[in-house]
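Worksheet for the structure shown next.
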Amino acid sequence: MPTEKEITGFLANYDEKVYELAMQMRQLLFKVLPGIAEEIDVPAKILGYGYGKKYTETVCTLIPSKKGLKLGLYRAIDLPDPEKILTGSGKVHKYVVIDSVDTIISTALKNMLKVAHEACMERMGK
């Protein structure tokens with residue numbers, strides 16, 4: 001798992017709003033997803049969150065960019081989305097645009113993370 005210094009150094013490449021939203025999202029992920037591991041994928045420019053090294057053990061990713069921050073969800077096409085917070089044109093993976101603190105603290109986002117966590121546990125046979 002990367003150090004806090006490595007994470008802040010990675011996120012320092014983005015503007016202050018993206019940096020702050022990413023740091024707050026990280027706090028939420030560690031709170032909602034028990035025992036989650038965090039990884040930096042520098043070439044892909046993402047932070048990954050999961051329970052192992054395999055792609056199928058991934059719950060989600062934080063995708064910072066110059067335009068903003070997205071929360072990517074593994075196999076989101078299979079997840080229920082009653083609040084319609086998922087976007088993207090991918091046939092398998094979708095994302096949630098993280099554009100404010102209100103999005104981060106929303107019940108819809110927390111519920112989506114719980115469902116994504118449960119799906120990951122099922123894939124892992126737990």
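Scheme for the structure tokens: letters A, B, ... for chains in order shown; per-chain residue numbers from 1; ligand numbers from 1 in order shown.
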
Residue neighbourhood A:Lys45, 12 Å, only C-alpha atoms, exclusion window fewer than 6 positions, as a ChimeraX atom specification | /A:7,10-11,13-14,39,61-66,69-70

Give me the residues within 10 Å of A:Ile105 as a VMD selection string, counting only C-alpha atoms and dropping any in the same chain fewer than 3 places off.
-> chain A and resid 24 to 25 28 100 to 102 108 to 110

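The environment of stretch 81-88 of chain A within 8 Å, counting only C-alpha atoms and disregarding residues fewer than 6 places along the same chain, consists of Lys94, Tyr95, Val96, Val97, Ala108, Leu109 and Met112 of chain A.
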
From a DSSP pass on the backbone, collect the residues of stretch 7-126 of chain A flagged as strand (DSSP E or B) and hand them back as a PyMOL selection string.
-> chain A and resi 37-41+46-50+58-64+69-73+87+94-98

Using DSSP on the backbone, list every residue of chain A that comes out as helix (DSSP H, G or I), and give them as an MDAnalysis selection string.
-> chainID A and resid 4:11 16:32 55:57 76:78 101:104 107:123

Nearest to A:Gln27: which of A:Gly9, A:Gly68, A:Ile104, A:Thr56 is it, counting only C-alpha atoms?
->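 With only C-alpha atoms as the atom set, the closest residue is A:Ile104.
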
Counting only C-alpha atoms, which of A:Asp41, A:Met124, A:Ser89, A:Gly52 gets nearest to A:Pro2?
->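 Looking at the shortest contact to A:Pro2, the residue is A:Asp41.
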
Would you mind listing what lies within 12 Å of A:Tyr55 as a PyMOL selection string, with only C-alpha atoms counted and same-chain residues fewer than 4 positions away left out?
-> chain A and resi 39+48-51+59-61+73-75+120+123-124
